[in-house]
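Visitor: My structure is in start_26.cif, and what it holds is mmCIF, N, CA and C atoms:
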data_run
#
loop_
_atom_site.label_atom_id
_atom_site.label_comp_id
_atom_site.auth_asym_id
_atom_site.auth_seq_id
_atom_site.Cartn_x
_atom_site.Cartn_y
_atom_site.Cartn_z
N MET A 1 125.90 -88.50 104.80
CA MET A 1 125.18 -89.55 104.11
C MET A 1 125.92 -90.87 104.35
N LYS A 2 125.14 -91.93 104.52
CA LYS A 2 125.67 -93.26 104.82
C LYS A 2 125.47 -94.21 103.63
N ALA A 3 126.20 -95.31 103.67
CA ALA A 3 126.09 -96.32 102.62
C ALA A 3 124.65 -96.79 102.48
N ARG A 4 123.95 -96.96 103.58
CA ARG A 4 122.55 -97.44 103.54
C ARG A 4 121.65 -96.52 102.73
N ASP A 5 122.02 -95.23 102.65
CA ASP A 5 121.21 -94.26 101.94
C ASP A 5 121.31 -94.37 100.42
N ILE A 6 122.38 -94.97 99.93
CA ILE A 6 122.57 -95.02 98.48
C ILE A 6 122.73 -96.44 97.92
N MET A 7 122.84 -97.43 98.80
CA MET A 7 123.11 -98.79 98.31
C MET A 7 121.88 -99.42 97.67
N SER A 8 122.16 -100.35 96.77
CA SER A 8 121.10 -101.19 96.22
C SER A 8 120.97 -102.37 97.16
N ARG A 9 119.77 -102.58 97.67
CA ARG A 9 119.55 -103.66 98.63
C ARG A 9 119.25 -104.98 97.92
N ASN A 10 119.61 -106.05 98.60
CA ASN A 10 119.31 -107.41 98.12
C ASN A 10 119.70 -107.65 96.67
N PRO A 11 120.98 -107.44 96.34
CA PRO A 11 121.38 -107.72 94.95
C PRO A 11 121.30 -109.21 94.65
N ARG A 12 121.14 -109.55 93.38
CA ARG A 12 121.18 -110.96 92.96
C ARG A 12 122.53 -111.52 93.33
N THR A 13 122.56 -112.77 93.74
CA THR A 13 123.80 -113.41 94.16
C THR A 13 123.97 -114.75 93.47
N VAL A 14 125.19 -115.26 93.53
CA VAL A 14 125.51 -116.60 93.05
C VAL A 14 126.32 -117.30 94.12
N THR A 15 126.48 -118.60 93.95
CA THR A 15 127.36 -119.38 94.83
C THR A 15 128.57 -119.82 94.00
N PRO A 16 129.61 -120.32 94.64
CA PRO A 16 130.77 -120.78 93.88
C PRO A 16 130.43 -121.89 92.88
N GLU A 17 129.36 -122.63 93.13
CA GLU A 17 128.97 -123.74 92.26
C GLU A 17 128.04 -123.33 91.11
N THR A 18 127.67 -122.06 91.05
CA THR A 18 126.84 -121.58 89.95
C THR A 18 127.65 -121.64 88.65
N ARG A 19 127.01 -122.08 87.58
CA ARG A 19 127.71 -122.11 86.28
C ARG A 19 127.92 -120.68 85.79
N ILE A 20 129.08 -120.44 85.19
CA ILE A 20 129.41 -119.12 84.64
C ILE A 20 128.35 -118.66 83.66
N GLN A 21 127.86 -119.57 82.85
CA GLN A 21 126.83 -119.23 81.87
C GLN A 21 125.59 -118.67 82.57
N ASP A 22 125.21 -119.27 83.69
CA ASP A 22 124.05 -118.80 84.45
C ASP A 22 124.34 -117.43 85.09
N ALA A 23 125.56 -117.25 85.59
CA ALA A 23 125.94 -115.96 86.18
C ALA A 23 125.89 -114.86 85.11
N ALA A 24 126.42 -115.15 83.94
CA ALA A 24 126.39 -114.17 82.85
C ALA A 24 124.95 -113.83 82.45
N ARG A 25 124.10 -114.83 82.43
CA ARG A 25 122.69 -114.60 82.10
C ARG A 25 122.04 -113.69 83.15
N MET A 26 122.36 -113.93 84.43
CA MET A 26 121.82 -113.07 85.50
C MET A 26 122.29 -111.64 85.33
N MET A 27 123.57 -111.47 84.99
CA MET A 27 124.11 -110.13 84.77
C MET A 27 123.34 -109.42 83.66
N LYS A 28 123.07 -110.14 82.59
CA LYS A 28 122.32 -109.56 81.48
C LYS A 28 120.91 -109.18 81.92
N GLU A 29 120.22 -110.09 82.62
CA GLU A 29 118.85 -109.83 83.07
C GLU A 29 118.78 -108.64 84.01
N GLU A 30 119.76 -108.51 84.90
CA GLU A 30 119.76 -107.44 85.90
C GLU A 30 120.46 -106.17 85.41
N ASP A 31 121.12 -106.25 84.24
CA ASP A 31 121.89 -105.15 83.68
C ASP A 31 122.95 -104.67 84.69
N VAL A 32 123.74 -105.64 85.18
CA VAL A 32 124.82 -105.36 86.13
C VAL A 32 126.10 -106.02 85.63
N GLY A 33 127.22 -105.54 86.14
CA GLY A 33 128.50 -106.10 85.77
C GLY A 33 129.17 -106.87 86.89
N ILE A 34 128.44 -107.08 87.98
CA ILE A 34 129.00 -107.77 89.14
C ILE A 34 127.90 -108.56 89.83
N LEU A 35 128.28 -109.71 90.36
CA LEU A 35 127.38 -110.49 91.21
C LEU A 35 128.15 -110.89 92.47
N PRO A 36 127.62 -110.58 93.63
CA PRO A 36 128.26 -111.05 94.85
C PRO A 36 128.17 -112.58 94.92
N VAL A 37 129.22 -113.19 95.44
CA VAL A 37 129.26 -114.64 95.62
C VAL A 37 129.08 -114.91 97.10
N ILE A 38 128.06 -115.70 97.42
CA ILE A 38 127.78 -116.03 98.82
C ILE A 38 128.11 -117.50 99.07
N GLU A 39 128.30 -117.82 100.33
CA GLU A 39 128.73 -119.15 100.74
C GLU A 39 127.84 -120.28 100.25
N GLY A 40 126.56 -120.09 100.34
CA GLY A 40 125.61 -121.11 99.91
C GLY A 40 124.24 -120.48 99.74
N ALA A 41 123.37 -121.18 99.06
CA ALA A 41 122.04 -120.63 98.78
C ALA A 41 121.28 -120.25 100.04
N SER A 42 121.51 -120.96 101.14
CA SER A 42 120.77 -120.66 102.37
C SER A 42 121.53 -119.68 103.27
N LYS A 43 122.78 -119.39 102.93
CA LYS A 43 123.57 -118.46 103.73
C LYS A 43 123.83 -117.22 102.89
N ASN A 44 123.94 -116.09 103.55
CA ASN A 44 124.16 -114.83 102.84
C ASN A 44 125.56 -114.29 103.09
N LYS A 45 126.47 -115.14 103.59
CA LYS A 45 127.83 -114.69 103.91
C LYS A 45 128.61 -114.45 102.61
N LEU A 46 129.08 -113.23 102.46
CA LEU A 46 129.83 -112.85 101.26
C LEU A 46 131.21 -113.50 101.29
N ILE A 47 131.57 -114.19 100.19
CA ILE A 47 132.90 -114.79 100.10
C ILE A 47 133.66 -114.29 98.87
N GLY A 48 133.03 -113.48 98.04
CA GLY A 48 133.71 -112.94 96.88
C GLY A 48 132.74 -112.27 95.94
N VAL A 49 133.25 -111.92 94.76
CA VAL A 49 132.43 -111.36 93.70
C VAL A 49 132.90 -111.94 92.38
N VAL A 50 132.00 -111.94 91.41
CA VAL A 50 132.37 -112.28 90.04
C VAL A 50 131.87 -111.15 89.16
N THR A 51 132.76 -110.66 88.31
CA THR A 51 132.42 -109.56 87.42
C THR A 51 132.39 -110.05 85.98
N ASP A 52 131.82 -109.22 85.13
CA ASP A 52 131.83 -109.55 83.71
C ASP A 52 133.26 -109.67 83.20
N ARG A 53 134.15 -108.86 83.74
CA ARG A 53 135.56 -108.92 83.35
C ARG A 53 136.20 -110.23 83.84
N ASP A 54 135.88 -110.65 85.06
CA ASP A 54 136.39 -111.93 85.56
C ASP A 54 136.00 -113.06 84.61
N ILE A 55 134.76 -113.04 84.17
CA ILE A 55 134.27 -114.09 83.27
C ILE A 55 135.04 -114.05 81.95
N ALA A 56 135.23 -112.85 81.42
CA ALA A 56 135.94 -112.72 80.14
C ALA A 56 137.39 -113.17 80.25
N ILE A 57 138.08 -112.76 81.30
CA ILE A 57 139.51 -113.04 81.44
C ILE A 57 139.79 -114.45 81.95
N ARG A 58 139.05 -114.89 82.95
CA ARG A 58 139.37 -116.16 83.60
C ARG A 58 138.62 -117.36 83.05
N CYS A 59 137.63 -117.13 82.22
CA CYS A 59 136.87 -118.26 81.66
C CYS A 59 136.94 -118.24 80.14
N VAL A 60 136.38 -117.23 79.53
CA VAL A 60 136.29 -117.18 78.07
C VAL A 60 137.67 -117.13 77.42
N ALA A 61 138.53 -116.20 77.87
CA ALA A 61 139.86 -116.05 77.26
C ALA A 61 140.72 -117.29 77.47
N GLN A 62 140.44 -118.05 78.51
CA GLN A 62 141.20 -119.28 78.79
C GLN A 62 140.67 -120.46 77.98
N GLY A 63 139.58 -120.25 77.27
CA GLY A 63 139.01 -121.31 76.44
C GLY A 63 138.15 -122.30 77.20
N HIS A 64 137.73 -121.93 78.41
CA HIS A 64 136.87 -122.83 79.19
C HIS A 64 135.46 -122.86 78.60
N ASP A 65 134.78 -123.95 78.76
CA ASP A 65 133.40 -124.11 78.32
C ASP A 65 132.51 -123.45 79.38
N SER A 66 131.87 -122.33 79.02
CA SER A 66 131.07 -121.58 80.00
C SER A 66 129.87 -122.35 80.52
N SER A 67 129.48 -123.41 79.82
CA SER A 67 128.36 -124.22 80.32
C SER A 67 128.85 -125.19 81.40
N LYS A 68 130.16 -125.34 81.53
CA LYS A 68 130.73 -126.24 82.55
C LYS A 68 131.56 -125.51 83.59
N CYS A 69 132.08 -124.35 83.24
CA CYS A 69 132.92 -123.56 84.14
C CYS A 69 132.06 -123.02 85.29
N MET A 70 132.58 -123.10 86.51
CA MET A 70 131.85 -122.64 87.68
C MET A 70 132.36 -121.27 88.14
N VAL A 71 131.52 -120.55 88.85
CA VAL A 71 131.88 -119.23 89.36
C VAL A 71 133.18 -119.30 90.16
N LYS A 72 133.39 -120.36 90.93
CA LYS A 72 134.60 -120.47 91.75
C LYS A 72 135.88 -120.40 90.93
N GLU A 73 135.80 -120.70 89.63
CA GLU A 73 136.96 -120.66 88.76
C GLU A 73 137.26 -119.25 88.26
N ALA A 74 136.33 -118.33 88.38
CA ALA A 74 136.51 -116.98 87.86
C ALA A 74 136.40 -115.89 88.92
N MET A 75 135.84 -116.19 90.08
CA MET A 75 135.55 -115.17 91.09
C MET A 75 136.81 -114.60 91.74
N SER A 76 136.65 -113.41 92.28
CA SER A 76 137.68 -112.76 93.09
C SER A 76 137.25 -112.91 94.55
N SER A 77 138.17 -113.34 95.39
CA SER A 77 137.80 -113.53 96.79
C SER A 77 138.43 -112.48 97.71
N ASP A 78 139.30 -111.66 97.20
CA ASP A 78 139.94 -110.62 98.01
C ASP A 78 139.17 -109.31 97.90
N VAL A 79 137.93 -109.35 98.34
CA VAL A 79 136.99 -108.24 98.15
C VAL A 79 136.99 -107.31 99.36
N LYS A 80 137.11 -106.03 99.09
CA LYS A 80 136.98 -105.01 100.14
C LYS A 80 135.49 -104.71 100.32
N THR A 81 135.08 -104.54 101.55
CA THR A 81 133.67 -104.28 101.85
C THR A 81 133.54 -103.07 102.77
N CYS A 82 132.33 -102.58 102.89
CA CYS A 82 131.99 -101.55 103.85
C CYS A 82 130.73 -101.99 104.58
N ARG A 83 130.37 -101.22 105.59
CA ARG A 83 129.16 -101.49 106.37
C ARG A 83 128.09 -100.45 106.06
N GLU A 84 126.85 -100.77 106.38
CA GLU A 84 125.72 -99.88 106.11
C GLU A 84 125.89 -98.49 106.73
N ASP A 85 126.50 -98.44 107.92
CA ASP A 85 126.63 -97.16 108.60
C ASP A 85 127.93 -96.42 108.27
N ASP A 86 128.73 -96.96 107.34
CA ASP A 86 129.92 -96.24 106.89
C ASP A 86 129.49 -95.04 106.06
N SER A 87 130.27 -93.98 106.16
CA SER A 87 129.95 -92.76 105.42
C SER A 87 130.25 -92.95 103.93
N VAL A 88 129.57 -92.15 103.12
CA VAL A 88 129.82 -92.17 101.70
C VAL A 88 131.26 -91.72 101.43
N ASP A 89 131.78 -90.82 102.28
CA ASP A 89 133.19 -90.42 102.14
C ASP A 89 134.11 -91.63 102.29
N LYS A 90 133.83 -92.49 103.26
CA LYS A 90 134.65 -93.69 103.45
C LYS A 90 134.55 -94.60 102.21
N LEU A 91 133.34 -94.75 101.70
CA LEU A 91 133.15 -95.54 100.47
C LEU A 91 133.98 -94.98 99.32
N MET A 92 133.91 -93.67 99.13
CA MET A 92 134.65 -93.05 98.04
C MET A 92 136.15 -93.21 98.22
N ASP A 93 136.61 -93.07 99.46
CA ASP A 93 138.04 -93.26 99.73
C ASP A 93 138.47 -94.68 99.37
N MET A 94 137.67 -95.68 99.78
CA MET A 94 138.02 -97.06 99.50
C MET A 94 137.98 -97.34 98.00
N MET A 95 136.95 -96.86 97.32
CA MET A 95 136.86 -97.07 95.87
C MET A 95 138.07 -96.48 95.16
N GLY A 96 138.46 -95.28 95.55
CA GLY A 96 139.61 -94.63 94.94
C GLY A 96 140.91 -95.37 95.24
N ARG A 97 141.10 -95.74 96.49
CA ARG A 97 142.33 -96.44 96.91
C ARG A 97 142.44 -97.81 96.23
N GLU A 98 141.35 -98.54 96.20
CA GLU A 98 141.34 -99.90 95.64
C GLU A 98 141.10 -99.92 94.13
N GLN A 99 140.74 -98.78 93.58
CA GLN A 99 140.41 -98.63 92.16
C GLN A 99 139.36 -99.65 91.72
N VAL A 100 138.25 -99.65 92.46
CA VAL A 100 137.11 -100.51 92.13
C VAL A 100 135.87 -99.65 91.95
N ARG A 101 134.95 -100.13 91.12
CA ARG A 101 133.74 -99.38 90.81
C ARG A 101 132.55 -99.76 91.69
N ARG A 102 132.70 -100.84 92.43
CA ARG A 102 131.59 -101.32 93.26
C ARG A 102 132.12 -101.85 94.59
N ILE A 103 131.35 -101.62 95.65
CA ILE A 103 131.72 -102.09 96.98
C ILE A 103 130.53 -102.83 97.58
N PRO A 104 130.70 -104.12 97.92
CA PRO A 104 129.62 -104.83 98.63
C PRO A 104 129.48 -104.26 100.05
N ILE A 105 128.26 -104.23 100.52
CA ILE A 105 127.97 -103.76 101.87
C ILE A 105 127.54 -104.98 102.69
N VAL A 106 128.21 -105.17 103.85
CA VAL A 106 127.94 -106.33 104.70
C VAL A 106 127.57 -105.87 106.10
N ASP A 107 126.92 -106.78 106.83
CA ASP A 107 126.62 -106.50 108.24
C ASP A 107 127.77 -106.98 109.11
N GLU A 108 127.59 -106.91 110.42
CA GLU A 108 128.66 -107.28 111.36
C GLU A 108 129.05 -108.76 111.28
N ARG A 109 128.21 -109.60 110.71
CA ARG A 109 128.53 -111.03 110.56
C ARG A 109 129.14 -111.35 109.20
N GLY A 110 129.27 -110.34 108.36
CA GLY A 110 129.81 -110.56 107.03
C GLY A 110 128.76 -110.97 106.02
N ALA A 111 127.49 -110.85 106.40
CA ALA A 111 126.39 -111.19 105.49
C ALA A 111 126.13 -110.00 104.56
N LEU A 112 125.92 -110.30 103.31
CA LEU A 112 125.66 -109.29 102.30
C LEU A 112 124.31 -108.62 102.55
N VAL A 113 124.30 -107.28 102.53
CA VAL A 113 123.04 -106.55 102.68
C VAL A 113 122.79 -105.61 101.51
N GLY A 114 123.83 -105.35 100.70
CA GLY A 114 123.65 -104.45 99.57
C GLY A 114 124.94 -104.27 98.81
N ILE A 115 124.90 -103.36 97.86
CA ILE A 115 126.09 -103.03 97.07
C ILE A 115 125.99 -101.57 96.65
N VAL A 116 127.13 -100.89 96.62
CA VAL A 116 127.18 -99.51 96.16
C VAL A 116 128.06 -99.47 94.93
N ALA A 117 127.54 -98.88 93.87
CA ALA A 117 128.27 -98.72 92.61
C ALA A 117 128.72 -97.28 92.46
N GLN A 118 129.72 -97.10 91.65
CA GLN A 118 130.24 -95.77 91.34
C GLN A 118 129.09 -94.85 90.91
N ALA A 119 128.19 -95.35 90.11
CA ALA A 119 127.07 -94.53 89.64
C ALA A 119 126.18 -94.06 90.79
N ASP A 120 126.01 -94.90 91.83
CA ASP A 120 125.20 -94.51 92.99
C ASP A 120 125.81 -93.28 93.67
N ILE A 121 127.12 -93.28 93.78
CA ILE A 121 127.81 -92.17 94.43
C ILE A 121 127.71 -90.91 93.59
N VAL A 122 127.94 -91.04 92.30
CA VAL A 122 127.89 -89.88 91.42
C VAL A 122 126.49 -89.24 91.44
N LYS A 123 125.45 -90.07 91.47
CA LYS A 123 124.07 -89.56 91.49
C LYS A 123 123.77 -88.81 92.78
N LYS A 124 124.32 -89.28 93.92
CA LYS A 124 123.93 -88.73 95.22
C LYS A 124 124.91 -87.70 95.77
N ALA A 125 126.17 -87.78 95.42
CA ALA A 125 127.17 -86.87 95.99
C ALA A 125 126.97 -85.47 95.42
N ASP A 126 127.23 -84.48 96.26
CA ASP A 126 126.98 -83.11 95.83
C ASP A 126 128.25 -82.26 95.88
N ASP A 127 129.41 -82.90 95.81
CA ASP A 127 130.64 -82.13 95.82
C ASP A 127 131.64 -82.69 94.82
N GLY A 128 132.78 -82.08 94.73
CA GLY A 128 133.81 -82.50 93.78
C GLY A 128 134.48 -83.80 94.15
N LYS A 129 134.22 -84.33 95.35
CA LYS A 129 134.88 -85.57 95.76
C LYS A 129 134.44 -86.75 94.89
N ALA A 130 133.21 -86.77 94.48
CA ALA A 130 132.74 -87.86 93.61
C ALA A 130 133.51 -87.85 92.30
N GLU A 131 133.74 -86.68 91.75
CA GLU A 131 134.50 -86.58 90.50
C GLU A 131 135.94 -87.06 90.72
N ARG A 132 136.56 -86.66 91.82
CA ARG A 132 137.93 -87.10 92.11
C ARG A 132 138.00 -88.61 92.33
N THR A 133 136.96 -89.18 92.94
CA THR A 133 136.91 -90.63 93.16
C THR A 133 136.86 -91.36 91.82
N VAL A 134 136.02 -90.89 90.92
CA VAL A 134 135.92 -91.52 89.58
C VAL A 134 137.28 -91.45 88.88
N GLU A 135 137.97 -90.32 89.02
CA GLU A 135 139.29 -90.18 88.41
C GLU A 135 140.27 -91.20 88.99
N LYS A 136 140.27 -91.37 90.31
CA LYS A 136 141.16 -92.34 90.96
C LYS A 136 140.85 -93.76 90.51
N ILE A 137 139.58 -94.09 90.44
CA ILE A 137 139.17 -95.43 90.02
C ILE A 137 139.67 -95.72 88.61
N SER A 138 139.62 -94.71 87.77
CA SER A 138 139.93 -94.88 86.36
C SER A 138 141.42 -94.81 86.03
N GLN A 139 142.26 -94.45 86.99
CA GLN A 139 143.70 -94.39 86.73
C GLN A 139 144.25 -95.76 86.37
N GLU A 140 145.27 -95.75 85.53
CA GLU A 140 145.93 -97.01 85.15
C GLU A 140 146.58 -97.63 86.37
N SER A 141 146.44 -98.93 86.49
CA SER A 141 147.12 -99.67 87.55
C SER A 141 147.06 -101.13 87.21
N GLY A 142 147.66 -101.94 88.08
CA GLY A 142 147.63 -103.38 87.90
C GLY A 142 146.32 -103.98 88.35
N LYS A 143 145.47 -103.21 89.00
CA LYS A 143 144.21 -103.73 89.50
C LYS A 143 143.18 -103.74 88.39
N HIS A 144 142.25 -104.66 88.48
CA HIS A 144 141.17 -104.67 87.49
C HIS A 144 139.94 -104.05 88.13
N ASN A 145 139.34 -103.13 87.45
CA ASN A 145 138.23 -102.35 87.98
C ASN A 145 136.97 -103.14 88.14
N ARG A 146 136.80 -103.74 89.33
CA ARG A 146 135.59 -104.49 89.64
C ARG A 146 134.43 -103.54 89.69
#
In structure tokens, how does this file's structure come out?
Guide:
Amino acid sequence: MKARDIMSRNPRTVTPETRIQDAARMMKEEDVGILPVIEGASKNKLIGVVTDRDIAIRCVAQGHDSSKCMVKEAMSSDVKTCREDDSVDKLMDMMGREQVRRIPIVDERGALVGIVAQADIVKKADDGKAERTVEKISQESGKHNR
């Protein structure tokens, strides 16, 4: 099974200039905890992600005004990605190693084409590896579970 078989296509995105308040509203509307950050509205090049946790830690907890704070102030730019033709095993290995719950899927140019969440893997995987991946993701570490 490949990433393309389980990924959510065309996820909602934001740009670095999107207001945090608007990003949070999109998360609520879409019932997601992550939004990919793309270079610009007309470009689909992935440059990072912003999570609900990023917003809480880097904006709200810092006392920033969410109506003025921009995504670029809270986003993570050191994002690990996979490709559509990568195996689900590769996705699970990366999620476990990086201790992240979601992996953006990009094409050969780095353009966003989808996203795979931990729940997508658990729903589709038919072996004990999905369970072991969830355990690795959930282990205590210095990383924040995107």
Visitor: Would you return as number ranges by chain the members of chain A that DSSP assigns to strand (DSSP E or B) on this structure's backbone?
Guide: A: 2, 8-9, 14, 19, 34-40, 43-51, 70, 76, 82-83, 87, 102-106, 111-117
Visitor: I'd like the contact shell of segment 6-12 of chain A - 6.5 Å cut-off, all atoms listed in the file, skipping same-chain residues fewer than 5 positions apart - returned as a list in words.
Guide: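 That gives Leu35, Pro36, Val113, Gly114, Ile115, Val116, Ala117 and Asp120 of chain A.
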Visitor: Within 10 Å of segment 57-59 of chain A, counting only C-alpha atoms, which residues show up once you throw out same-chain ones fewer than 4 positions away? Write them as JSON, numbers by chain, please.
Guide: {"A": [20, 51, 52, 53, 63, 64, 65, 66, 69, 70, 71, 73, 74, 75]}
Visitor: Rounded to one decimal place, report the atom CA of Lys2 of chain A-atom CA of Ile105 of chain A distance in Å.
Guide: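 So the two atoms, atom CA of Lys2 of chain A and atom CA of Ile105 of chain A, lie 11.1 Å apart.
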Visitor: Grab the atom C of Arg4 of chain A to atom C of Lys45 of chain A distance for me, in Å with one decimal place.
Guide: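 Distance reported for this atom pair: 19.2 Å.
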Visitor: One decimal, Å: what's the distance from atom CA of Lys68 of chain A over to atom CA of Arg19 of chain A, could you say?
Guide: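 Computed distance, atom CA of Lys68 of chain A to atom CA of Arg19 of chain A, equals 6.3 Å.
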Visitor: Counting only C-alpha atoms, which of A:Val106, A:Met26, A:Val122, A:Leu112 gets nearest to Met92 of chain A?
Guide: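 Answer, going by the shortest atom-to-atom distance: A:Val122.
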Visitor: Could you expand the PyMOL selection byres ((chain A and resi 85) around 7) into the explicit residues it covers here, written as a VMD selection string?
Guide: chain A and resid 2 to 4 82 to 84 86 to 88
Visitor: Using only C-alpha atoms, find each residue in segment 46-77 of chain A having at least one atom no more than 12 Å away from segment 96-103 of chain A; report its shortest atom-to-atom pair and that distance in Å (one decimal), rows by chain then rising number, as a tab-separated table.
Guide:
residue	atom	partner	partner_atom	distance
A:Leu46	CA	A:Ile103	CA	11.7
A:Gly48	CA	A:Ile103	CA	11.0
A:Val49	CA	A:Ile103	CA	9.9
A:Val50	CA	A:Arg102	CA	11.4
A:Thr51	CA	A:Arg102	CA	10.1
Visitor: Once the PyMOL selection byres ((chain A and resi 44) around 8) has been evaluated on this model, what residues remain selected, and can you format them as a list in words?
Guide: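 Checking the PyMOL selection byres ((chain A and resi 44) around 8) against this file, the residues are Val37, Ile38, Glu39, Gly40, Ala41, Ser42, Lys43, Lys45, Leu46, Ile47, Arg109, Gly110, Ala111, Leu112 and Val113 of chain A.
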Visitor: Output, as AutoDock Vina command-line options, the centre and edge lengths in Å (one decimal) of the axis-aligned box that contains all listed atoms of segment 59-76 of chain A with 3 Å of margin on each side.
Guide:
--center_x 134.8 --center_y -119.5 --center_z 85.5 --size_x 18.8 --size_y 19.5 --size_z 24.1
Visitor: Once you count all atoms listed in the file, which residues end up no further than 6 Å from (125.7, -115.0, 88.0) in the file's frame, shown as number ranges by chain?
Guide: A: 13-14, 22-27, 35
Visitor: If DSSP is run on the backbone, what residues of segment 96-126 of chain A are alpha helix (DSSP H)? A reply as a VMD selection string would be ideal.
Guide: chain A and resid 96 to 98 118 to 124
